[in-house]
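What follows is the content of input_39.cif, which has mmCIF, C-alpha atoms:
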```cif
data_protein
#
loop_
_atom_site.label_atom_id
_atom_site.label_comp_id
_atom_site.auth_asym_id
_atom_site.auth_seq_id
_atom_site.Cartn_x
_atom_site.Cartn_y
_atom_site.Cartn_z
CA MET A 844 10.61 10.98 5.12
CA THR A 845 9.24 8.79 7.89
CA ARG A 846 11.01 5.73 9.24
CA SER A 847 8.45 3.34 7.74
CA THR A 848 8.70 5.02 4.34
CA SER A 849 12.47 4.72 4.30
CA ARG A 850 12.23 1.07 5.33
CA PHE A 851 9.66 0.48 2.60
CA ASP A 852 11.96 2.09 0.05
CA SER A 853 14.90 0.06 1.27
CA LEU A 854 12.96 -3.20 1.00
CA ALA A 855 11.56 -2.19 -2.39
CA GLN A 856 15.02 -1.41 -3.66
CA GLN A 857 16.44 -4.71 -2.49
CA TRP A 858 13.58 -7.17 -2.93
CA GLY A 859 11.04 -5.42 -5.13
CA ALA A 860 12.31 -6.92 -8.38
CA PRO A 861 12.41 -10.62 -7.39
CA LEU A 862 9.08 -10.28 -5.59
CA TYR A 863 7.54 -8.62 -8.64
CA ARG A 864 8.96 -11.34 -10.85
CA PHE A 865 7.43 -14.03 -8.66
CA ALA A 866 4.05 -12.30 -8.51
CA LEU A 867 4.03 -11.75 -12.24
CA TRP A 868 4.80 -15.39 -12.94
CA LEU A 869 2.12 -16.54 -10.59
CA TRP A 870 -0.70 -14.11 -11.41
CA GLY A 871 0.38 -12.97 -14.89
CA ASN A 872 -0.83 -9.40 -14.46
CA THR A 873 1.56 -6.48 -14.06
CA GLY A 874 -0.91 -4.26 -12.19
CA LYS A 875 -1.83 -6.99 -9.75
CA ALA A 876 1.82 -7.93 -9.32
CA GLU A 877 2.75 -4.33 -8.45
CA ARG A 878 -0.11 -4.05 -5.99
CA LEU A 879 0.74 -7.34 -4.29
CA VAL A 880 4.40 -6.37 -4.01
CA SER A 881 3.41 -3.02 -2.50
CA LEU A 882 1.12 -4.68 0.02
CA THR A 883 3.71 -7.30 0.90
CA LEU A 884 6.45 -4.74 1.46
CA ARG A 885 4.13 -2.53 3.46
CA ARG A 886 3.23 -5.50 5.64
CA ALA A 887 6.90 -6.46 5.95
CA CYS A 888 7.76 -2.95 7.18
CA ARG A 889 5.93 -3.74 10.39
CA LEU A 890 7.64 -7.10 10.93
CA GLU A 891 10.99 -8.32 12.06
CA ILE A 892 12.47 -10.00 9.02
CA PRO A 893 14.66 -12.99 9.88
CA HIS A 894 17.79 -13.41 7.77
CA GLU A 895 17.73 -9.91 6.31
CA GLY A 896 20.47 -11.01 3.94
CA ASN A 897 18.12 -13.41 2.19
CA ALA A 898 14.64 -12.15 2.94
CA LEU A 899 13.14 -13.28 -0.35
CA PRO A 900 11.72 -16.61 0.88
CA PHE A 901 10.25 -14.81 3.88
CA LEU A 902 8.69 -12.09 1.74
CA ILE A 903 7.29 -14.55 -0.77
CA GLU A 904 5.86 -16.62 2.04
CA LEU A 905 4.34 -13.44 3.47
CA MET A 906 2.82 -12.63 0.10
CA ILE A 907 1.13 -15.95 -0.49
CA ARG A 908 0.16 -16.55 3.13
CA GLU A 909 -1.15 -13.17 4.23
CA VAL A 910 -1.41 -10.79 1.30
CA ALA A 911 -2.88 -13.13 -1.31
CA PRO A 912 -3.70 -16.41 0.45
CA ILE A 913 -3.86 -19.20 -2.09
CA THR A 914 -2.95 -22.21 -0.04
CA LEU A 915 -6.33 -23.86 0.39
CA ARG A 916 -6.43 -25.25 -3.10
CA TYR A 917 -3.13 -27.06 -2.49
CA ARG A 918 -4.45 -29.31 0.19
CA GLY A 919 -5.14 -32.89 -0.70
CA ARG A 920 -3.90 -34.90 -3.63
CA PRO A 921 -2.61 -32.98 -6.62
CA ALA A 922 -4.89 -33.07 -9.60
CA ALA A 923 -3.73 -34.82 -12.72
CA LEU A 924 -1.96 -32.61 -15.20
CA PRO A 925 -3.92 -31.99 -18.37
CA ALA A 926 -2.66 -33.33 -21.64
CA PRO A 927 0.09 -31.15 -23.09
CA PRO A 928 -1.27 -28.70 -25.63
CA LEU A 929 -0.05 -28.83 -29.20
CA SER A 930 3.28 -27.18 -29.55
CA THR A 931 2.80 -25.85 -33.05
CA ASP A 932 2.26 -22.30 -31.84
CA PHE A 933 5.53 -22.10 -29.98
CA PRO A 934 7.27 -18.81 -30.59
CA GLU A 935 10.76 -18.60 -31.97
CA GLY A 936 13.59 -18.66 -29.50
CA GLU A 937 14.22 -21.19 -26.78
CA MET A 938 13.63 -18.79 -23.87
CA GLU A 939 10.31 -17.57 -25.22
CA ARG A 940 9.22 -21.14 -25.80
CA LEU A 941 10.11 -22.09 -22.26
CA ARG A 942 8.32 -19.05 -20.84
CA LEU A 943 5.19 -19.96 -22.73
CA VAL A 944 5.42 -23.51 -21.44
CA VAL A 945 5.74 -22.28 -17.85
CA ARG A 946 2.77 -19.95 -18.33
CA ARG A 947 0.72 -22.88 -19.58
CA LEU A 948 1.64 -24.97 -16.57
CA PRO A 949 -1.39 -25.20 -14.23
CA GLU A 950 -1.01 -22.99 -11.18
CA GLU A 951 -1.16 -25.97 -8.88
CA TYR A 952 2.15 -27.11 -10.35
CA ARG A 953 3.57 -23.72 -11.24
CA LEU A 954 3.59 -22.35 -7.70
CA PRO A 955 5.81 -25.05 -6.13
CA LEU A 956 8.14 -24.78 -9.10
CA LEU A 957 8.34 -21.00 -8.77
CA LEU A 958 8.94 -21.29 -5.04
CA GLN A 959 11.81 -23.66 -5.70
CA VAL A 960 13.40 -21.93 -8.68
CA LEU A 961 12.73 -18.25 -7.97
CA ALA A 962 12.65 -18.21 -4.17
CA GLY A 963 15.21 -20.99 -3.68
CA MET A 964 13.04 -22.79 -1.15
CA GLU A 965 13.61 -26.40 -0.19
CA ILE A 966 10.77 -28.92 -0.37
CA PRO A 967 10.01 -28.90 3.40
CA ARG A 968 9.71 -25.11 3.36
CA ILE A 969 7.46 -25.17 0.29
CA ALA A 970 5.28 -27.76 1.99
CA ALA A 971 5.02 -25.54 5.06
CA VAL A 972 4.13 -22.49 2.99
CA LEU A 973 1.48 -24.35 1.02
CA GLU A 974 0.25 -26.18 4.10
CA THR A 975 0.55 -29.53 2.43
CA SER A 976 2.78 -32.57 2.74
CA GLU A 977 6.34 -32.83 1.49
CA ALA A 978 5.34 -35.85 -0.63
CA SER A 979 2.65 -33.77 -2.32
CA VAL A 980 5.14 -31.00 -3.10
CA ALA A 981 7.67 -33.51 -4.40
CA THR A 982 5.04 -35.04 -6.66
CA ARG A 983 4.04 -31.67 -8.01
CA LEU A 984 7.63 -30.69 -8.70
CA CYS A 985 8.30 -34.01 -10.37
CA ARG A 986 5.25 -33.82 -12.59
CA ALA A 987 5.86 -30.16 -13.41
CA ARG A 988 9.35 -30.87 -14.69
CA GLN A 989 8.16 -33.92 -16.59
CA TRP A 990 5.54 -31.73 -18.21
CA LEU A 991 8.11 -29.08 -19.07
CA LEU A 992 10.40 -31.67 -20.58
CA LYS A 993 7.58 -32.97 -22.74
CA GLN A 994 6.49 -29.50 -23.72
CA GLU A 995 9.97 -28.53 -24.60
CA THR A 996 9.77 -31.31 -27.16
CA ARG A 997 12.70 -32.84 -25.43
CA VAL A 998 10.66 -35.96 -25.24
CA ASP A 999 12.36 -37.22 -28.35
CA ARG A 1000 15.72 -36.62 -26.84
CA LEU A 1001 14.82 -38.06 -23.46
CA PRO A 1002 16.79 -41.17 -22.83
CA THR A 1003 14.67 -44.02 -21.65
CA ALA A 1004 15.71 -46.31 -18.89
CA GLY A 1005 17.43 -48.91 -21.01
CA ARG A 1006 19.19 -52.02 -20.23
CA GLY A 1007 21.81 -50.20 -18.28
CA GLY A 1008 19.15 -48.78 -16.00
CA ARG A 1009 18.75 -50.15 -12.53
CA MET B 404 19.35 -46.07 -5.65
CA ASN B 405 17.69 -47.42 -8.79
CA CYS B 406 16.90 -45.59 -12.02
CA LEU B 407 13.36 -44.71 -11.01
CA ALA B 408 14.44 -43.21 -7.71
CA TYR B 409 17.27 -41.34 -9.42
CA ARG B 410 14.96 -39.82 -12.02
CA ARG B 411 12.36 -38.90 -9.48
CA ALA B 412 15.00 -37.28 -7.29
CA MET B 413 16.35 -35.38 -10.27
CA LEU B 414 12.91 -34.11 -11.20
CA GLU B 415 12.21 -33.06 -7.63
CA ALA B 416 15.41 -31.10 -7.03
CA PRO B 417 17.86 -31.20 -9.93
CA LEU B 418 20.48 -28.97 -8.37
CA ARG B 419 20.74 -30.73 -5.03
CA GLU B 420 24.13 -32.38 -4.49
CA ASP B 421 23.68 -35.99 -3.50
CA ASP B 422 26.35 -38.68 -3.30
CA ARG B 423 23.88 -41.48 -3.97
CA ARG B 424 22.70 -39.80 -7.11
CA ALA B 425 26.24 -39.21 -8.27
CA ALA B 426 27.09 -42.84 -7.60
CA HIS B 427 24.11 -44.04 -9.62
CA ALA B 428 24.91 -41.69 -12.49
CA GLU B 429 28.42 -43.07 -12.58
CA GLN B 430 27.04 -46.52 -13.18
CA CYS B 431 24.06 -45.77 -15.50
CA ALA B 432 24.73 -43.95 -18.77
CA ALA B 433 21.01 -43.43 -19.55
CA CYS B 434 20.36 -41.82 -16.18
CA ARG B 435 23.51 -39.75 -16.59
CA ARG B 436 22.11 -38.37 -19.87
CA PHE B 437 18.73 -37.86 -18.24
CA GLY B 438 20.35 -36.00 -15.37
CA ARG B 439 22.27 -33.80 -17.80
CA THR B 440 19.06 -32.99 -19.68
CA VAL B 441 17.19 -32.11 -16.53
CA ARG B 442 20.02 -29.90 -15.26
CA GLU B 443 20.16 -28.21 -18.62
CA LEU B 444 16.42 -27.57 -18.42
CA GLU B 445 16.84 -26.23 -14.91
CA GLY B 446 19.47 -23.77 -16.04
CA GLN B 447 17.28 -22.58 -18.87
CA LEU B 448 14.31 -22.42 -16.54
CA GLY B 449 16.20 -20.13 -14.17
CA THR B 450 17.11 -17.84 -17.07
CA ALA B 451 13.61 -17.93 -18.55
CA LEU B 452 11.94 -17.09 -15.27
CA ALA B 453 14.26 -14.17 -14.60
CA ILE B 454 12.17 -11.83 -16.73
CA GLU B 455 13.17 -8.21 -17.01
CA VAL B 456 11.65 -5.97 -14.37
CA PRO B 457 10.66 -2.38 -15.29
CA ARG B 458 13.27 0.12 -14.14
CA SER B 459 10.64 2.36 -12.63
CA LEU B 460 9.29 -0.46 -10.45
CA SER B 461 10.55 1.06 -7.18
CA GLU B 462 8.76 4.32 -8.01
CA ARG B 463 5.57 2.55 -8.99
CA LEU B 464 5.41 0.56 -5.77
CA ASP B 465 2.96 2.42 -3.64
CA HIS B 466 3.77 2.89 0.01
CA HIS B 467 0.12 3.72 0.65
CA ALA B 468 -1.39 0.93 -1.40
CA PRO B 469 -4.91 0.30 -0.11
CA CYS B 470 -5.23 -2.99 1.68
CA ARG B 471 -8.02 -5.08 0.15
CA GLN B 472 -10.05 -2.00 -0.59
CA GLY B 473 -12.80 -3.92 -2.33
CA ARG B 474 -13.21 -6.26 0.57
CA PHE B 475 -13.41 -3.39 3.04
CA ALA B 476 -15.99 -1.66 0.89
CA ARG B 477 -18.05 -4.82 0.76
CA LEU B 478 -17.82 -5.16 4.54
CA LEU B 479 -18.68 -1.53 5.23
CA LEU B 480 -21.59 -1.17 2.86
CA PRO B 481 -24.12 -3.18 4.91
CA TRP B 482 -23.32 -0.96 7.91
CA LEU B 483 -23.28 2.29 6.03
CA ILE B 484 -27.02 2.63 5.32
CA PRO B 485 -28.20 1.77 8.88
CA SER B 486 -25.59 4.18 10.23
CA LEU B 487 -26.89 6.97 8.01
CA ILE B 488 -30.47 6.29 9.09
CA THR B 489 -29.37 6.37 12.74
CA LEU B 490 -27.55 9.66 12.20
CA VAL B 491 -30.58 11.28 10.57
CA ALA B 492 -32.85 10.03 13.37
CA ALA B 493 -30.46 11.39 15.99
CA ALA B 494 -30.26 14.71 14.17
CA LEU B 495 -34.05 14.96 14.31
CA TYR B 496 -34.46 13.64 17.85
CA LEU B 497 -31.83 15.71 19.64
CA PRO B 498 -33.33 19.17 18.91
CA TRP B 499 -36.74 17.83 19.94
CA GLN B 500 -35.22 16.47 23.15
CA HIS B 501 -33.48 19.81 23.70
CA ARG B 502 -36.80 21.65 23.37
CA GLN B 503 -38.35 19.21 25.86
CA GLU B 504 -35.54 19.84 28.35
CA LEU B 505 -35.95 23.59 27.95
CA ALA B 506 -39.66 23.30 28.61
CA ALA B 507 -38.97 21.16 31.69
CA ALA B 508 -36.49 23.74 32.95
CA HIS B 509 -39.08 26.41 32.38
CA ARG B 510 -41.62 24.44 34.41
CA ARG B 511 -39.10 23.90 37.18
CA SER B 512 -38.33 27.61 37.22
CA LEU B 513 -41.97 28.28 37.94
CA GLN B 514 -41.74 26.18 41.06
CA PRO B 515 -39.03 27.86 43.12
CA THR B 516 -37.46 25.81 45.86
CA LEU B 517 -35.57 26.44 49.08
CA PRO B 518 -37.39 29.59 50.29
CA SER B 519 -35.39 31.72 52.67
CA GLN B 520 -36.50 34.15 55.34
CA PRO B 521 -38.53 37.23 54.27
CA LEU B 522 -36.42 40.33 53.66
CA SER B 523 -36.83 43.61 55.53
CA ASP B 524 -37.59 46.80 53.62
CA GLN B 525 -33.96 47.87 53.73
CA ALA B 526 -32.74 44.43 52.70
CA LEU B 527 -35.20 44.47 49.79
CA ARG B 528 -33.91 47.85 48.61
CA ASN B 529 -30.33 46.50 48.79
CA ALA B 530 -31.36 43.32 46.98
CA LEU B 531 -32.82 45.33 44.09
CA VAL B 532 -29.58 47.25 43.48
CA PRO B 533 -27.82 44.42 41.55
CA PHE B 534 -30.78 44.36 39.14
CA GLY B 535 -30.55 48.09 38.56
CA LEU B 536 -34.06 48.58 39.97
CA GLU B 537 -35.51 50.70 42.70
CA LEU B 538 -38.88 50.23 44.39
CA ARG B 539 -41.20 53.17 43.77
CA PRO B 540 -42.84 54.59 46.88
CA PRO B 541 -45.18 53.84 48.41
CA PRO B 542 -44.38 50.12 48.47
CA PRO B 543 -47.40 47.87 47.96
CA SER B 544 -48.79 46.21 50.99
CA PRO B 545 -48.74 43.41 51.74
CA LEU B 546 -45.36 42.63 50.12
CA THR B 547 -43.22 39.66 51.02
CA ALA B 548 -39.71 39.47 49.59
CA ARG B 549 -37.27 36.64 49.96
CA TRP B 550 -34.30 35.05 48.15
CA ILE B 551 -35.05 31.73 46.52
CA GLU B 552 -33.12 29.32 44.38
CA LEU B 553 -34.20 29.29 40.78
CA ASP B 554 -32.54 26.57 38.69
CA GLY B 555 -29.47 26.67 40.88
CA ALA B 556 -29.15 30.47 40.78
CA PRO B 557 -30.37 33.00 43.32
CA ALA B 558 -33.55 34.90 42.45
CA LEU B 559 -35.46 37.53 44.33
CA GLN B 560 -39.11 36.63 44.86
CA LEU B 561 -41.73 39.30 45.61
CA ARG B 562 -45.24 38.23 46.58
CA LEU B 563 -47.98 40.79 46.63
CA GLN B 564 -51.57 41.55 45.74
CA HIS B 565 -52.26 43.43 42.52
CA GLU B 566 -55.67 44.48 41.35
CA GLY B 567 -57.17 42.05 43.81
CA ARG B 568 -55.18 39.06 42.62
CA PRO B 569 -52.13 37.40 44.15
CA ALA B 570 -49.01 37.92 42.04
CA THR B 571 -45.43 36.81 42.16
CA VAL B 572 -42.50 38.78 40.77
CA LEU B 573 -39.19 37.03 40.21
CA LEU B 574 -35.96 38.90 39.61
CA PHE B 575 -32.99 36.88 38.37
CA SER B 576 -29.83 37.34 36.42
CA ALA B 577 -29.42 33.90 34.81
CA SER B 578 -32.10 31.31 34.16
CA PRO B 579 -33.73 29.48 31.24
CA LEU B 580 -36.40 32.13 31.65
CA SER B 581 -33.80 34.72 30.63
CA SER B 582 -33.91 33.44 27.08
CA HIS B 583 -37.62 34.28 26.86
CA THR B 584 -39.17 37.71 27.00
CA GLY B 585 -42.80 38.67 26.72
CA PRO B 586 -46.00 36.99 27.87
CA PHE B 587 -46.28 33.29 28.44
CA VAL B 588 -48.80 30.77 29.69
CA GLN B 589 -47.40 27.61 31.23
CA GLU B 590 -49.56 24.87 32.70
CA GLY B 591 -52.41 27.27 33.41
CA VAL B 592 -50.15 29.92 34.95
CA SER B 593 -49.91 33.09 32.88
CA GLY B 594 -47.04 35.44 33.21
CA PHE B 595 -44.79 37.99 31.65
CA VAL B 596 -40.99 38.14 31.38
CA SER B 597 -39.12 41.37 30.79
CA ARG B 598 -35.50 42.36 30.64
CA THR B 599 -34.03 44.85 33.05
CA GLU B 600 -30.68 46.59 32.76
CA LYS B 601 -28.89 43.86 34.68
CA GLY B 602 -31.18 40.86 34.57
CA SER B 603 -34.71 39.72 33.95
CA VAL B 604 -37.97 40.12 35.77
CA ALA B 605 -40.89 37.69 35.56
CA VAL B 606 -44.42 38.27 36.78
CA LEU B 607 -46.50 35.17 37.46
CA GLY B 608 -50.23 34.88 37.96
CA LEU B 609 -51.29 37.94 35.99
CA SER B 610 -52.24 38.64 32.45
CA ASP B 611 -49.79 40.37 30.14
CA ALA B 612 -51.36 43.81 30.58
CA ALA B 613 -51.78 43.45 34.35
CA ALA B 614 -48.17 42.30 34.65
CA ARG B 615 -46.97 45.35 32.73
CA ARG B 616 -49.04 47.60 34.97
CA LEU B 617 -47.64 45.92 38.07
CA LEU B 618 -44.05 46.37 36.91
CA ALA B 619 -44.72 50.03 36.15
CA ARG B 620 -46.26 50.39 39.54
CA LEU B 621 -43.31 48.75 41.32
CA PHE B 622 -40.32 50.02 39.36
CA GLY B 623 -41.64 52.76 37.10
CA PRO B 624 -42.04 52.62 33.33
CA PRO B 625 -39.45 50.54 31.50
CA ALA B 626 -36.47 52.36 29.99
CA GLY B 627 -37.23 53.74 26.51
CA SER B 628 -40.99 53.82 27.02
CA PRO B 629 -42.79 57.19 26.70
#
```
Can you dump the structure from the file as structure tokens?
Amino acid sequence: MTRSTSRFDSLAQQWGAPLYRFALWLWGNTGKAERLVSLTLRRACRLEIPHEGNALPFLIELMIREVAPITLRYRGRPAALPAPPLSTDFPEGEMERLRLVVRRLPEEYRLPLLLQVLAGMEIPRIAAVLETSEASVATRLCRARQWLLKQETRVDRLPTAGRGGR
Amino acid sequence: MNCLAYRRAMLEAPLREDDRRAAHAEQCAACRRFGRTVRELEGQLGTALAIEVPRSLSERLDHHAPCRQGRFARLLLPWLIPSLITLVAAALYLPWQHRQELAAAHRRSLQPTLPSQPLSDQALRNALVPFGLELRPPPPSPLTARWIELDGAPALQLRLQHEGRPATVLLFSASPLSSHTGPFVQEGVSGFVSRTEKGSVAVLGLSDAAARRLLARLFGPPAGSP
């Protein structure tokens, strides 16, 4: 077994699952997710990985910057979110419902959310990865969660800013 | 921090610890409930996104995954056809060029350069030994023998008269002429090339039959002939 192969295997063992999860959530295709993870890890084998203990943000950044560049569409003002679809076809079970809602979230909003929740990136880092401003990322995150809250039919339960609000 | 800023901050990063947020939530019951809802959603979101990964994932990840194969194919295709055409043209041109070079070498061999001093009778007899030949008596007269350079290799040149015509006999061990045996006509000069035991002999300026007669006259009939 060559040195690069053993390094690939080591990276795959440690970071293959979270990377695959991220790719699957973003592209929604298992074959493509596997291929992108393979390419990302192969690329990473030739690089010095900073913070080996928590290489996930680095690897995800590598994936969406070099392996599957998707940053161009994030420049400029975020597009308005479409109207929430009817929620009558929600499957049973809260987790399944939430997964469906996330899948329905437009990619422009889903990617910053995935970077924050799955990769644990802070807003400045997300902005750097997507080559956009921090304000734009914050807006996307804000709108994405608002959308999720509405889709989760929590809108009825959402407290409004009442008299006690400031 | 007001309610709007609190809610926006919560929607941006629900899990971030912030004293200002905590202070606002202490004072505003509605925002406190909102914050609890958003944190609850965040917890569920983390669980929902953590989908199960196939156990065989590590084995399925390909160490040799092709890198943008489709893109490479698209880039290579426009170059592939011209390259093939070039290869075919080169394959046709090179043998033709090789034949041309051989012909040029042949022509050069017919124009020996760097003539040396004529050899004496004894020196001529000694010079014929490496070719496995011996001059039959009586030697023709006049006969001029000298060493010349033929395509970078030494060759023995004999000049004499045969049947009333001037003739040249070349004896050599390695030359482009060696690859050819039999009669030839090159640029108006006819000749004949024959193999000896240890080299080749060429007769220039005579017809095929006259050249054969001259060789028989000089060195006897060729080996194997009746």
With a distance threshold of 8 Å and counting all atoms listed in the file, extract the residues of chain B near chain A and express them as a PyMOL selection string. chain B and resi 405-407+411+414-416+431-434+436-437+440-441+444+447-454+456+460-461+463-470
Interatomic distance (Å, one decimal) between CA of Ala570 in chain B and CA of Ala605 in chain B: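 So the answer is 10.4 Å.
The space between CA of Pro542 in chain B and CA of Pro624 in chain B spans 15.5 Å.
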Quick one: everything within 9 Å of Ser523 in chain B, counting all atoms listed in the file, minus sequence neighbours fewer than 5 positions away in the same chain. Send it as a ChimeraX atom specification. /B:528,547-549
As an exercise, work out the distance from CA of Asp611 in chain B to CA of Pro586 in chain B in Å and give it to one decimal place.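 Distance between the two atoms: 5.6 Å.
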Residues selected by the PyMOL selection byres ((chain B and resi 539) around 7), written as a PyMOL selection string: chain B and resi 537-538+540-542+621-623
Given the choices B:Ser486, B:Gln430, B:Gln560, B:Gln500, which gets closest to Leu531 in chain B if the distance is worked out from all atoms listed in the file? B:Gln560
Starting from the point (-50.9, 44.9, 51.5), work out which residues of protein, DNA or RNA have an atom no more than 8 Å away when counting only C-alpha atoms; state them as a PDB file with C-alpha atoms, in the frame of the given file.
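Listing of result-v1.pdb after writing:
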```
ATOM      1  CA  PRO B 543     -47.400  47.870  47.960  1.00  0.00           C
ATOM      2  CA  SER B 544     -48.790  46.210  50.990  1.00  0.00           C
ATOM      3  CA  PRO B 545     -48.740  43.410  51.740  1.00  0.00           C
ATOM      4  CA  LEU B 546     -45.360  42.630  50.120  1.00  0.00           C
ATOM      5  CA  LEU B 563     -47.980  40.790  46.630  1.00  0.00           C
ATOM      6  CA  GLN B 564     -51.570  41.550  45.740  1.00  0.00           C
TER       7      GLN B 564
END
```
Around the point (-37.9, 39.5, 43.3) in the file's coordinates, collect all residues with an atom within 6 Å, using only C-alpha atoms, and return them as a list in words. Leu559, Gln560, Leu561, Val572, Leu573 and Leu574 of chain B
Residue neighbourhood Met404 in chain B, 8 Å, all atoms listed in the file, exclusion window fewer than 3 positions, as number ranges by chain: B: 408-409, 423-424, 427
As JSON, what would the box around range 948-954 of chain A look like: edges along x, y and z, 6 Å added on every side, centre and edge lengths in Å to one decimal?
```
{"center_x": 1.1, "center_y": -24.7, "center_z": -12.1, "size_x": 17.0, "size_y": 16.8, "size_z": 20.9}
```
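With distances taken over all atoms listed in the file, B:Arg562 is the one residue among B:Val491, B:Arg562, B:Arg620, B:Leu536 lying closest to Leu522 in chain B.
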Since the input lacks atoms, please generate all heavy atoms for range 497-503 of chain B and provide them as a short mmCIF file (atom, residue, chain, number, x, y, z; two decimals), in the coordinates of the input.
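Contents of the output file result_21.cif:
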```cif
data_model
loop_
_atom_site.label_atom_id
_atom_site.label_comp_id
_atom_site.auth_asym_id
_atom_site.auth_seq_id
_atom_site.Cartn_x
_atom_site.Cartn_y
_atom_site.Cartn_z
N LEU B 497 -32.53 14.90 18.64
CA LEU B 497 -31.83 15.71 19.64
C LEU B 497 -32.41 17.12 19.80
O LEU B 497 -32.61 17.57 20.93
CB LEU B 497 -30.33 15.76 19.31
CG LEU B 497 -29.60 14.44 19.59
CD1 LEU B 497 -28.15 14.54 19.17
CD2 LEU B 497 -29.70 14.08 21.07
N PRO B 498 -32.69 17.85 18.70
CA PRO B 498 -33.33 19.17 18.91
C PRO B 498 -34.67 19.06 19.61
O PRO B 498 -35.01 19.90 20.44
CB PRO B 498 -33.49 19.69 17.48
CG PRO B 498 -32.52 18.95 16.67
CD PRO B 498 -32.41 17.60 17.31
N TRP B 499 -35.45 18.02 19.28
CA TRP B 499 -36.74 17.83 19.94
C TRP B 499 -36.54 17.60 21.44
O TRP B 499 -37.22 18.18 22.28
CB TRP B 499 -37.45 16.63 19.29
CG TRP B 499 -38.75 16.30 19.95
CD1 TRP B 499 -39.96 16.90 19.74
CD2 TRP B 499 -38.98 15.29 20.95
NE1 TRP B 499 -40.92 16.35 20.53
CE2 TRP B 499 -40.35 15.35 21.29
CE3 TRP B 499 -38.18 14.35 21.59
CZ2 TRP B 499 -40.92 14.50 22.23
CZ3 TRP B 499 -38.74 13.52 22.51
CH2 TRP B 499 -40.10 13.59 22.83
N GLN B 500 -35.52 16.74 21.75
CA GLN B 500 -35.22 16.47 23.15
C GLN B 500 -34.75 17.75 23.86
O GLN B 500 -35.12 18.02 25.00
CB GLN B 500 -34.14 15.42 23.23
CG GLN B 500 -33.92 14.88 24.63
CD GLN B 500 -32.69 14.01 24.71
OE1 GLN B 500 -31.74 14.20 23.95
NE2 GLN B 500 -32.70 13.08 25.62
N HIS B 501 -33.97 18.57 23.12
CA HIS B 501 -33.48 19.81 23.70
C HIS B 501 -34.65 20.75 24.03
O HIS B 501 -34.69 21.36 25.10
CB HIS B 501 -32.53 20.48 22.70
CG HIS B 501 -31.90 21.73 23.21
ND1 HIS B 501 -31.10 21.74 24.32
CD2 HIS B 501 -31.98 23.01 22.80
CE1 HIS B 501 -30.70 22.97 24.57
NE2 HIS B 501 -31.21 23.77 23.65
N ARG B 502 -35.62 20.80 23.12
CA ARG B 502 -36.80 21.65 23.37
C ARG B 502 -37.56 21.14 24.59
O ARG B 502 -38.04 21.91 25.41
CB ARG B 502 -37.71 21.65 22.14
CG ARG B 502 -37.18 22.53 21.01
CD ARG B 502 -38.28 22.84 20.01
NE ARG B 502 -38.87 21.66 19.43
CZ ARG B 502 -38.36 21.04 18.35
NH1 ARG B 502 -37.28 21.51 17.78
NH2 ARG B 502 -38.95 19.98 17.86
N GLN B 503 -37.66 19.80 24.71
CA GLN B 503 -38.35 19.21 25.86
C GLN B 503 -37.65 19.58 27.16
O GLN B 503 -38.28 19.92 28.16
CB GLN B 503 -38.42 17.69 25.72
CG GLN B 503 -39.29 17.21 24.59
CD GLN B 503 -40.75 17.59 24.81
OE1 GLN B 503 -41.30 17.36 25.87
NE2 GLN B 503 -41.36 18.20 23.81
#
```
